[in-house]
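Source file coords-v7.cif; content: mmCIF, C-alpha atoms and all ligand atoms.
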```
data_data
#
loop_
_atom_site.label_atom_id
_atom_site.label_comp_id
_atom_site.auth_asym_id
_atom_site.auth_seq_id
_atom_site.Cartn_x
_atom_site.Cartn_y
_atom_site.Cartn_z
CA MET A 82 13.24 18.97 -6.33
CA LYS A 83 14.95 21.65 -4.25
CA ALA A 84 17.13 20.42 -1.38
CA ALA A 85 19.49 21.94 1.20
CA VAL A 86 22.69 19.90 0.89
CA ILE A 87 25.64 20.17 3.24
CA TYR A 88 28.81 19.38 1.27
CA GLN A 89 31.36 19.89 4.01
CA VAL A 90 31.80 21.90 7.19
CA GLY A 91 30.47 25.42 6.58
CA ASP A 92 29.26 24.69 3.05
CA ILE A 93 25.50 24.35 2.43
CA LYS A 94 23.93 24.88 -0.97
CA ILE A 95 20.35 24.82 -2.27
CA VAL A 96 20.48 22.44 -5.22
CA ASP A 97 18.19 20.59 -7.61
CA ARG A 98 18.00 16.86 -6.97
CA GLU A 99 16.00 14.01 -8.47
CA ILE A 100 12.89 13.20 -6.47
CA PRO A 101 13.85 9.91 -4.72
CA ALA A 102 11.91 6.78 -5.73
CA PRO A 103 10.60 4.79 -2.76
CA ALA A 104 12.01 1.26 -2.38
CA PRO A 105 9.38 -1.50 -1.84
CA ASP A 106 9.40 -0.90 1.95
CA GLU A 107 9.60 2.89 1.72
CA VAL A 108 7.24 5.86 1.67
CA LEU A 109 7.81 9.02 -0.40
CA ILE A 110 6.84 12.08 1.64
CA ARG A 111 6.16 15.61 0.37
CA VAL A 112 7.79 17.61 3.17
CA LYS A 113 5.75 20.42 4.75
CA ALA A 114 7.78 21.50 7.77
CA CYS A 115 11.22 20.70 9.14
CA GLY A 116 12.62 22.08 12.39
CA VAL A 117 16.28 23.04 12.70
CA CYS A 118 18.05 21.00 15.38
CA GLY A 119 21.27 21.61 17.30
CA THR A 120 22.57 18.56 15.46
CA ASP A 121 22.10 20.38 12.13
CA HIS A 122 24.19 23.25 13.43
CA SER A 123 26.79 20.81 14.77
CA LEU A 124 27.06 19.30 11.28
CA PHE A 125 27.49 22.79 9.85
CA VAL A 126 30.38 23.60 12.20
CA GLY A 127 31.93 20.10 12.16
CA ALA A 128 31.11 19.22 15.78
CA TYR A 129 29.20 16.04 14.86
CA PRO A 130 30.28 13.25 12.49
CA ALA A 131 28.27 12.99 9.24
CA ASN A 132 28.44 11.51 5.75
CA TYR A 133 28.89 14.53 3.49
CA PRO A 134 27.35 15.43 1.13
CA VAL A 135 23.94 14.91 2.66
CA ILE A 136 20.55 16.64 2.60
CA ILE A 137 20.23 18.17 6.07
CA GLY A 138 17.18 17.98 8.39
CA HIS A 139 15.41 15.29 10.40
CA GLU A 140 12.60 16.91 12.47
CA PHE A 141 9.88 16.89 9.85
CA SER A 142 6.32 16.23 8.79
CA GLY A 143 4.54 16.00 5.46
CA VAL A 144 2.06 14.22 3.23
CA VAL A 145 2.59 10.80 1.69
CA GLU A 146 3.00 11.15 -2.06
CA ALA A 147 3.74 7.52 -3.02
CA VAL A 148 4.35 4.17 -1.32
CA GLY A 149 6.51 1.17 -2.24
CA ASN A 150 4.66 -2.00 -3.27
CA ALA A 151 5.35 -3.78 0.04
CA VAL A 152 3.91 -0.95 2.16
CA THR A 153 0.64 -1.91 3.88
CA THR A 154 -0.04 0.49 6.76
CA ILE A 155 0.51 3.89 5.14
CA GLN A 156 -1.44 5.32 2.22
CA VAL A 157 -1.00 8.10 -0.30
CA GLY A 158 -2.42 11.29 1.22
CA ASP A 159 -1.70 10.35 4.85
CA ARG A 160 -0.35 13.21 6.97
CA VAL A 161 2.76 11.84 8.68
CA THR A 162 5.90 12.37 10.69
CA ALA A 163 8.78 9.91 11.13
CA ASP A 164 11.43 8.63 13.46
CA PRO A 165 14.41 9.62 11.30
CA ASN A 166 16.72 6.82 12.51
CA ARG A 167 16.82 3.66 10.39
CA VAL A 168 18.01 0.67 12.35
CA CYS A 169 19.12 -2.79 11.18
CA HIS A 170 16.91 -5.03 13.40
CA LYS A 171 19.83 -7.53 13.31
CA CYS A 172 22.68 -6.30 15.52
CA ASP A 173 23.11 -7.27 19.19
CA PHE A 174 21.61 -3.96 20.35
CA CYS A 175 18.53 -4.21 18.13
CA ARG A 176 18.04 -7.79 19.34
CA MET A 177 18.17 -6.70 22.97
CA GLY A 178 15.49 -4.07 22.39
CA SER A 179 17.87 -1.09 22.38
CA GLU A 180 17.25 -0.19 18.76
CA HIS A 181 18.26 3.42 19.30
CA LEU A 182 21.78 2.11 20.02
CA CYS A 183 21.85 0.07 16.78
CA GLU A 184 25.41 -0.38 15.53
CA ASN A 185 24.27 0.11 11.95
CA ALA A 186 21.87 3.02 12.49
CA ARG A 187 21.58 5.50 9.66
CA SER A 188 19.95 8.78 10.55
CA MET A 189 18.26 11.12 8.11
CA GLY A 190 20.12 14.35 7.63
CA VAL A 191 23.30 12.86 9.10
CA HIS A 192 24.19 9.59 7.35
CA ILE A 193 21.42 9.47 4.72
CA ASP A 194 19.48 12.22 2.94
CA GLY A 195 17.23 14.23 5.22
CA ALA A 196 14.11 16.36 5.04
CA ASP A 197 15.18 19.91 4.19
CA ALA A 198 14.01 19.10 0.69
CA GLU A 199 10.72 19.08 -1.13
CA TYR A 200 10.57 15.28 -0.82
CA CYS A 201 12.18 12.56 1.24
CA VAL A 202 11.85 8.79 1.60
CA MET A 203 11.59 6.80 4.81
CA THR A 204 10.98 3.14 5.66
CA GLU A 205 7.33 2.36 6.46
CA SER A 206 8.20 1.15 9.97
CA ASN A 207 9.61 4.60 10.81
CA VAL A 208 6.55 6.53 9.56
CA TYR A 209 3.72 7.59 11.90
CA LYS A 210 0.28 8.95 10.95
CA LEU A 211 -0.81 12.25 12.45
CA PRO A 212 -4.21 13.16 13.84
CA ASP A 213 -5.90 15.99 11.88
CA THR A 214 -5.70 18.19 14.97
CA VAL A 215 -1.87 18.24 14.89
CA SER A 216 -0.49 20.80 12.43
CA PHE A 217 2.54 20.07 10.26
CA GLU A 218 4.59 22.56 12.24
CA GLN A 219 3.55 21.01 15.55
CA ALA A 220 4.38 17.58 14.12
CA ALA A 221 7.90 18.74 13.32
CA PHE A 222 8.41 18.73 17.10
CA CYS A 223 7.67 15.00 17.40
CA GLU A 224 11.30 13.96 16.89
CA PRO A 225 12.83 16.34 19.47
CA LEU A 226 9.98 15.58 21.88
CA ALA A 227 10.50 11.83 21.40
CA CYS A 228 14.16 12.38 22.34
CA ALA A 229 13.20 14.52 25.37
CA ASN A 230 10.74 11.90 26.51
CA HIS A 231 13.38 9.18 26.15
CA GLY A 232 15.81 11.17 28.29
CA ILE A 233 13.20 11.69 31.00
CA GLU A 234 12.33 7.99 30.97
CA LEU A 235 15.97 7.21 31.81
CA LEU A 236 15.58 9.17 35.06
CA ASP A 237 13.77 8.00 38.14
CA LEU A 238 11.66 11.15 38.44
CA ARG A 239 9.22 11.05 41.34
CA LEU A 240 6.14 13.05 42.25
CA GLY A 241 7.15 16.27 43.94
CA ASP A 242 10.74 16.29 42.67
CA THR A 243 12.83 19.42 42.29
CA VAL A 244 14.40 19.60 38.83
CA LEU A 245 17.07 21.99 37.58
CA VAL A 246 17.23 22.42 33.80
CA LEU A 247 20.39 24.05 32.43
CA GLY A 248 19.50 25.72 29.14
CA ALA A 249 16.06 26.75 27.87
CA GLY A 250 16.40 26.31 24.14
CA ALA A 251 13.67 24.33 22.40
CA MET A 252 14.96 21.12 24.02
CA GLY A 253 15.09 22.65 27.51
CA ASN A 254 11.50 23.83 27.05
CA LEU A 255 10.36 20.37 25.96
CA LEU A 256 12.29 18.66 28.77
CA LEU A 257 10.85 20.91 31.47
CA GLN A 258 7.33 20.22 30.21
CA CYS A 259 8.04 16.47 30.32
CA CYS A 260 9.25 16.85 33.93
CA LYS A 261 6.06 18.72 34.82
CA ASN A 262 3.99 15.91 33.30
CA PHE A 263 6.00 13.37 35.29
CA GLY A 264 5.00 15.15 38.50
CA ALA A 265 7.96 17.41 39.28
CA THR A 266 6.59 20.28 41.36
CA THR A 267 9.61 22.60 41.44
CA ILE A 268 11.23 23.26 38.07
CA VAL A 269 14.16 25.65 38.12
CA VAL A 270 15.60 26.78 34.81
CA SER A 271 18.97 28.46 34.31
CA GLU A 272 19.27 30.29 30.98
CA PRO A 273 21.24 33.40 29.97
CA ILE A 274 18.84 34.62 27.23
CA ASP A 275 15.90 36.73 28.55
CA MET A 276 13.38 35.60 25.95
CA ARG A 277 14.13 31.93 26.63
CA ARG A 278 13.66 32.38 30.39
CA GLU A 279 10.26 33.96 29.68
CA LYS A 280 9.29 30.98 27.50
CA ALA A 281 10.39 28.61 30.24
CA LEU A 282 8.07 30.37 32.70
CA GLU A 283 5.20 30.24 30.17
CA ASN A 284 5.83 26.53 29.78
CA GLY A 285 5.79 25.60 33.45
CA ALA A 286 9.11 26.55 35.06
CA THR A 287 8.48 27.63 38.64
CA HIS A 288 11.76 29.58 38.98
CA VAL A 289 14.27 30.99 36.51
CA ILE A 290 17.91 31.95 37.02
CA ASN A 291 20.01 34.23 34.81
CA PRO A 292 23.50 32.67 35.10
CA THR A 293 25.18 35.78 33.67
CA VAL A 294 24.21 37.85 36.73
CA GLN A 295 23.21 35.25 39.34
CA ASP A 296 25.10 32.42 41.04
CA VAL A 297 23.24 29.28 39.95
CA ASP A 298 24.24 27.24 43.01
CA GLN A 299 23.27 29.97 45.49
CA GLU A 300 19.93 30.62 43.80
CA LEU A 301 19.15 26.91 43.60
CA ARG A 302 19.90 26.40 47.30
CA LYS A 303 17.57 29.25 48.27
CA ILE A 304 14.84 27.17 46.60
CA ARG A 305 16.06 23.75 47.83
CA ARG A 306 18.87 23.71 50.39
CA ILE A 307 20.12 20.21 49.52
CA GLY A 308 20.14 20.69 45.72
CA ALA A 309 17.97 19.31 42.94
CA ASP A 310 16.75 15.72 42.80
CA VAL A 311 17.39 15.81 39.08
CA VAL A 312 19.68 18.07 37.05
CA ILE A 313 19.30 18.15 33.28
CA GLU A 314 22.08 19.59 31.14
CA ALA A 315 20.27 20.70 27.97
CA ALA A 316 22.89 22.89 26.35
CA GLY A 317 25.61 20.42 25.28
CA SER A 318 28.30 22.38 27.09
CA PRO A 319 31.25 20.55 28.71
CA LYS A 320 31.52 23.42 31.24
CA LEU A 321 27.86 22.98 32.22
CA GLN A 322 28.33 19.20 32.36
CA GLU A 323 31.14 19.76 34.85
CA ALA A 324 29.05 22.17 36.93
CA SER A 325 25.90 20.05 36.72
CA ILE A 326 27.05 17.39 39.21
CA TYR A 327 27.35 19.95 42.02
CA TYR A 328 23.73 21.12 41.61
CA ALA A 329 22.32 17.63 42.30
CA ARG A 330 21.50 16.57 45.85
CA ARG A 331 23.36 13.62 47.36
CA GLY A 332 21.88 10.51 45.75
CA GLY A 333 20.43 12.58 42.91
CA SER A 334 20.58 12.12 39.16
CA VAL A 335 22.25 14.15 36.44
CA LEU A 336 21.08 13.77 32.85
CA TRP A 337 23.52 14.87 30.19
CA PHE A 338 20.98 15.45 27.45
CA GLY A 339 22.67 18.13 25.36
CA CYS A 340 25.05 16.91 22.66
CA ALA A 341 28.53 18.17 23.53
CA PRO A 342 31.12 18.73 20.76
CA GLN A 343 32.78 15.42 19.91
CA ASP A 344 36.31 16.75 20.43
CA GLN A 345 35.83 18.31 23.87
CA GLN A 346 36.18 16.81 27.36
CA ALA A 347 34.42 17.40 30.65
CA SER A 348 36.47 16.99 33.82
CA ILE A 349 34.68 15.25 36.67
CA ASN A 350 35.84 14.63 40.24
CA GLY A 351 35.38 10.90 40.73
CA PHE A 352 35.61 11.16 44.51
CA TYR A 353 32.68 13.56 44.59
CA VAL A 354 30.54 11.34 42.34
CA ASN A 355 31.19 8.35 44.64
CA ASP A 356 30.79 10.31 47.82
CA ALA A 357 27.50 11.93 46.76
CA GLU A 358 26.31 8.67 45.15
CA LEU A 359 25.35 10.49 41.97
CA LYS A 360 23.90 8.93 38.87
CA ILE A 361 25.24 10.53 35.69
CA ILE A 362 23.13 9.44 32.73
CA GLY A 363 23.67 9.99 29.02
CA SER A 364 20.72 10.12 26.65
CA TYR A 365 20.83 9.31 22.96
CA ASN A 366 18.06 9.67 20.38
CA ASN A 367 14.76 8.00 21.19
CA LEU A 368 13.37 4.54 21.65
CA PHE A 369 9.79 3.88 20.53
CA SER A 370 8.65 7.29 21.74
CA THR A 371 7.46 8.89 18.48
CA GLN A 372 3.84 7.83 19.01
CA ILE A 373 4.05 9.08 22.60
CA ALA A 374 5.28 12.43 21.30
CA ILE A 375 2.38 12.67 18.84
CA ASP A 376 -0.10 11.87 21.61
CA LEU A 377 1.49 14.40 24.00
CA ILE A 378 1.21 17.17 21.41
CA ALA A 379 -2.31 16.17 20.27
CA SER A 380 -3.55 16.12 23.86
CA GLY A 381 -2.04 19.50 24.70
CA LYS A 382 0.01 17.95 27.53
CA ILE A 383 3.07 19.36 25.80
CA GLN A 384 2.72 22.66 23.99
CA VAL A 385 5.09 23.61 21.19
CA ASP A 386 3.43 26.61 19.50
CA ASN A 387 5.33 29.25 21.46
CA LEU A 388 8.69 27.63 20.68
CA VAL A 389 8.96 28.67 17.01
CA SER A 390 10.86 31.95 16.76
CA HIS A 391 11.64 32.14 13.04
CA HIS A 392 10.25 30.71 9.79
CA PHE A 393 12.31 30.15 6.67
CA ALA A 394 11.38 29.09 3.16
CA LEU A 395 13.47 26.13 1.96
CA GLN A 396 15.19 28.28 -0.68
CA ASP A 397 16.36 30.61 2.12
CA TYR A 398 18.00 27.82 4.14
CA LEU A 399 21.37 29.59 3.88
CA ASP A 400 19.97 32.25 6.25
CA VAL A 401 19.30 29.68 8.98
CA PHE A 402 22.82 29.60 10.39
CA LYS A 403 23.16 33.40 10.11
CA VAL A 404 20.28 33.72 12.58
CA TRP A 405 21.30 30.67 14.69
CA GLY A 406 22.29 31.39 18.28
CA GLY A 407 20.91 34.96 18.34
CA LYS A 408 19.23 36.35 21.43
CA ASP A 409 15.76 36.26 19.84
CA THR A 410 16.00 32.65 18.60
CA LEU A 411 14.34 29.49 19.77
CA LYS A 412 13.19 26.82 17.30
CA LEU A 413 13.90 27.79 13.69
CA MET A 414 11.33 26.25 11.32
CA VAL A 415 11.76 25.58 7.60
CA ASN A 416 8.47 25.55 5.68
CA THR A 417 8.69 23.75 2.39
CA ASP A 418 5.41 24.95 0.80
ZN ZN B 501 16.90 16.81 16.26
ZN ZN B 502 20.87 -2.78 14.77
#
```
Would you encode the structure as structure tokens?
Amino acid sequence: MKAAVIYQVGDIKIVDREIPAPAPDEVLIRVKACGVCGTDHSLFVGAYPANYPVIIGHEFSGVVEAVGNAVTTIQVGDRVTADPNRVCHKCDFCRMGSEHLCENARSMGVHIDGADAEYCVMTESNVYKLPDTVSFEQAAFCEPLACANHGIELLDLRLGDTVLVLGAGAMGNLLLQCCKNFGATTIVVSEPIDMRREKALENGATHVINPTVQDVDQELRKIRRIGADVVIEAAGSPKLQEASIYYARRGGSVLWFGCAPQDQQASINGFYVNDAELKIIGSYNNLFSTQIAIDLIASGKIQVDNLVSHHFALQDYLDVFKVWGGKDTLKLMVNTD
């Protein structure tokens, strides 16, 4: 089978690999669609730790081609997506119900082979069936949406809240839609790229700010004098993390959702955090929210169709990071058929 393998920082090749054989508790999936995540790019530039060489990709969907002999709930021919993080079910974190914090977690496309390939294997307990009404491309958004939903669940969002989202990439667009569903009535989005601000408005933002020509704090305070109840940093930028605490109202919450480079620091004034009684919350992966993500997409409560900006065939994966970060980009989608 063809697979996009990252060998080391900056080095991805399309290679031929053996089709993996499913273990007794595993499912072999013929991949149909796989979204490109910021994490994939971070692997490519060395900003996120990974086990090289590894097949990249973890936001995927496909059709079950074969099942191991202990598999009981999934059948050949099922249309599926998966939570790409295998956990041990044995460590202290798994035993306290925080499986996403598992000390022995192995994530597809990071520690174990991923889904930018014609086939991949996943444990049965990570695989979820799709309704016929959800397309493969829509289903490739289940993993990022599950992560967005997890982040929002960590906040104490209330009906009528004012939310500021910093960054309107695919994640920012999913996060703002989650906030809308949770009852936020004022959703302000700061984003330098014109096309992304337009998408944010299409997806439910009530106000947008262009931080390259507008002062974010001034614009925010015209909308809400005391600042936002909730600020979500969705860009993974230490500079934005630093700024984010000053956009929250006293007693408000700040969610650091974006994955910042592992070797960079954010500098925070501890006095201010105390004095304003801020909650600064990190968010990592997802916890039992894959089925929720499927249901949100199937019901139309979260829309993802306008978030795909580019399609790539698997054999053209090398073009992905040439396009990455451009002004016309949002979610890049790899189609394996
Ligand atoms: Zn992802
Ligand atoms: Zn564990």
Please tell me which residues are no farther than 12 Å from (37.6, 21.2, 31.8) in the file, counting all atoms listed in the file, and write them as a count of residues only.
13
Stretch 147-258 of chain A residues near stretch 287-295 of chain A within 12 Å, closest pair each, using all atoms listed in the file, as CSV:
```
residue,atom,partner,partner_atom,distance
A:Thr243,CA,A:Thr287,CA,10.0
A:Val244,CA,A:Thr287,CA,10.0
A:Leu245,CA,A:His288,CA,9.4
A:Val246,CA,A:Val289,CA,9.5
A:Leu247,CA,A:Ile290,CA,9.5
A:Gly248,CA,A:Pro292,CA,10.0
A:Ala249,CA,A:Val289,CA,9.8
A:Leu257,CA,A:Thr287,CA,10.1
A:Gln258,CA,A:Thr287,CA,11.3
```
Check the smallest atom-to-atom distance from each of A:Gly241, A:Gly119, A:Gly158, A:Gly406 to ligand ZN 501 (chain B) using all atoms listed in the file, then report the winner.
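Of A:Gly241, A:Gly119, A:Gly158, A:Gly406, the one nearest ligand ZN 501 (chain B) is A:Gly119, counting all atoms listed in the file.
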Got a sec to check which residues lie within 7 Å of ligand ZN 501 (chain B), using all atoms listed in the file, and send them as a ChimeraX atom specification?
/A:118-120,139-140,224-225
Just-selected residues, C-alpha atoms written as a JSON list (two decimals), keeping the file's coordinate frame:
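Dumped to selection14.json:
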```json
[["chain", "number", "residue", "atom", "x", "y", "z"],
["A", 118, "CYS", "CA", 18.05, 21.00, 15.38],
["A", 119, "GLY", "CA", 21.27, 21.61, 17.30],
["A", 120, "THR", "CA", 22.57, 18.56, 15.46],
["A", 139, "HIS", "CA", 15.41, 15.29, 10.40],
["A", 140, "GLU", "CA", 12.60, 16.91, 12.47],
["A", 224, "GLU", "CA", 11.30, 13.96, 16.89],
["A", 225, "PRO", "CA", 12.83, 16.34, 19.47]]
```
Restricting the calculation to only C-alpha atoms, which member of A:Asn185, A:Phe369, A:His391, A:Asp418 is positioned closest to A:Trp405?
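Residue with the minimum atom-to-atom distance to A:Trp405: A:His391.
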Choose the residue, out of A:Ile93, A:Ala265, A:Arg239, A:Glu272, that has the smallest atom-to-atom separation from A:His122; count only C-alpha atoms.
A:Ile93
Which value, in Å to one decimal, gives the distance between atom CA of A:Lys210 and atom CA of A:Ile373?
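Separation between atom CA of A:Lys210 and atom CA of A:Ile373: 12.2 Å.
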Pull the closest atom pair for each residue of chain A that gets at most 9 Å from ligand ZN 502 (chain B), along with the distance in Å to one decimal, counting only C-alpha atoms and all ligand atoms, ordering rows by chain and then ascending residue number, as CSV.
```
residue,atom,partner,partner_atom,distance
A:Arg167,CA,B:ZN502,ZN,8.8
A:Val168,CA,B:ZN502,ZN,5.1
A:Cys169,CA,B:ZN502,ZN,4.0
A:His170,CA,B:ZN502,ZN,4.8
A:Lys171,CA,B:ZN502,ZN,5.1
A:Cys172,CA,B:ZN502,ZN,4.0
A:Asp173,CA,B:ZN502,ZN,6.7
A:Phe174,CA,B:ZN502,ZN,5.8
A:Cys175,CA,B:ZN502,ZN,4.3
A:Arg176,CA,B:ZN502,ZN,7.3
A:Ser179,CA,B:ZN502,ZN,8.4
A:Glu180,CA,B:ZN502,ZN,6.0
A:His181,CA,B:ZN502,ZN,8.1
A:Leu182,CA,B:ZN502,ZN,7.2
A:Cys183,CA,B:ZN502,ZN,3.6
A:Glu184,CA,B:ZN502,ZN,5.2
A:Asn185,CA,B:ZN502,ZN,5.3
A:Ala186,CA,B:ZN502,ZN,6.3
```
File of the preceding selection, C-alpha atoms, as a PDB file, keeping the file's coordinate frame:
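Wrote selection_31.pdb, looks like this:
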```pdb
ATOM      1  CA  ARG A 167      16.820   3.660  10.390  1.00  0.00           C
ATOM      2  CA  VAL A 168      18.010   0.670  12.350  1.00  0.00           C
ATOM      3  CA  CYS A 169      19.120  -2.790  11.180  1.00  0.00           C
ATOM      4  CA  HIS A 170      16.910  -5.030  13.400  1.00  0.00           C
ATOM      5  CA  LYS A 171      19.830  -7.530  13.310  1.00  0.00           C
ATOM      6  CA  CYS A 172      22.680  -6.300  15.520  1.00  0.00           C
ATOM      7  CA  ASP A 173      23.110  -7.270  19.190  1.00  0.00           C
ATOM      8  CA  PHE A 174      21.610  -3.960  20.350  1.00  0.00           C
ATOM      9  CA  CYS A 175      18.530  -4.210  18.130  1.00  0.00           C
ATOM     10  CA  ARG A 176      18.040  -7.790  19.340  1.00  0.00           C
ATOM     11  CA  SER A 179      17.870  -1.090  22.380  1.00  0.00           C
ATOM     12  CA  GLU A 180      17.250  -0.190  18.760  1.00  0.00           C
ATOM     13  CA  HIS A 181      18.260   3.420  19.300  1.00  0.00           C
ATOM     14  CA  LEU A 182      21.780   2.110  20.020  1.00  0.00           C
ATOM     15  CA  CYS A 183      21.850   0.070  16.780  1.00  0.00           C
ATOM     16  CA  GLU A 184      25.410  -0.380  15.530  1.00  0.00           C
ATOM     17  CA  ASN A 185      24.270   0.110  11.950  1.00  0.00           C
ATOM     18  CA  ALA A 186      21.870   3.020  12.490  1.00  0.00           C
TER      19      ALA A 186
END
```
Taking all atoms listed in the file into account, which of A:Gly317, A:Gly190, A:Gly143, A:Pro342 comes nearest A:Ala114?
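Closest candidate: A:Gly143.
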Of the listed residues A:Val144, A:Gln384, A:Glu358, A:Ser370, that which approaches A:Lys261 most closely, counting only C-alpha atoms
A:Gln384
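Take the candidates A:Met252, A:Ala196, A:Leu226, A:Leu236 and check each one against A:Ala315 using all atoms listed in the file; the shortest distance goes to A:Met252.
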What does the distance from atom CA of A:Ser334 to atom CA of A:Leu238 come to in Å, to one decimal?
9.0 Å
Pick out the residues sitting within 8 Å of A:Asn366, and hand them over as JSON, numbers by chain; count only C-alpha atoms, and ignore anything fewer than 2 positions along from it in its own chain.
{"A": [181, 227, 228, 231, 364, 368]}
I'd like the box whose edges run along x, y and z of the file and which contains every listed atom of stretch 103-115 of chain A, padded by 4 Å per side; could you state its centre and edge lengths in Å, one decimal, as AutoDock Vina command-line options?
```
--center_x 8.9 --center_y 10.0 --center_z 3.2 --size_x 14.3 --size_y 31.0 --size_z 19.9
```
Contacts of A:Val145 at 12 Å or less, counting all atoms listed in the file, minus same-chain residues fewer than 4 places along, as a count of residues only?
30
Please determine the residues with any atom at most 6 Å from (22.3, 22.5, -7.3) (coordinates as given in the file, with all atoms listed in the file counting) and report them as a PyMOL selection string.
chain A and resi 95-97
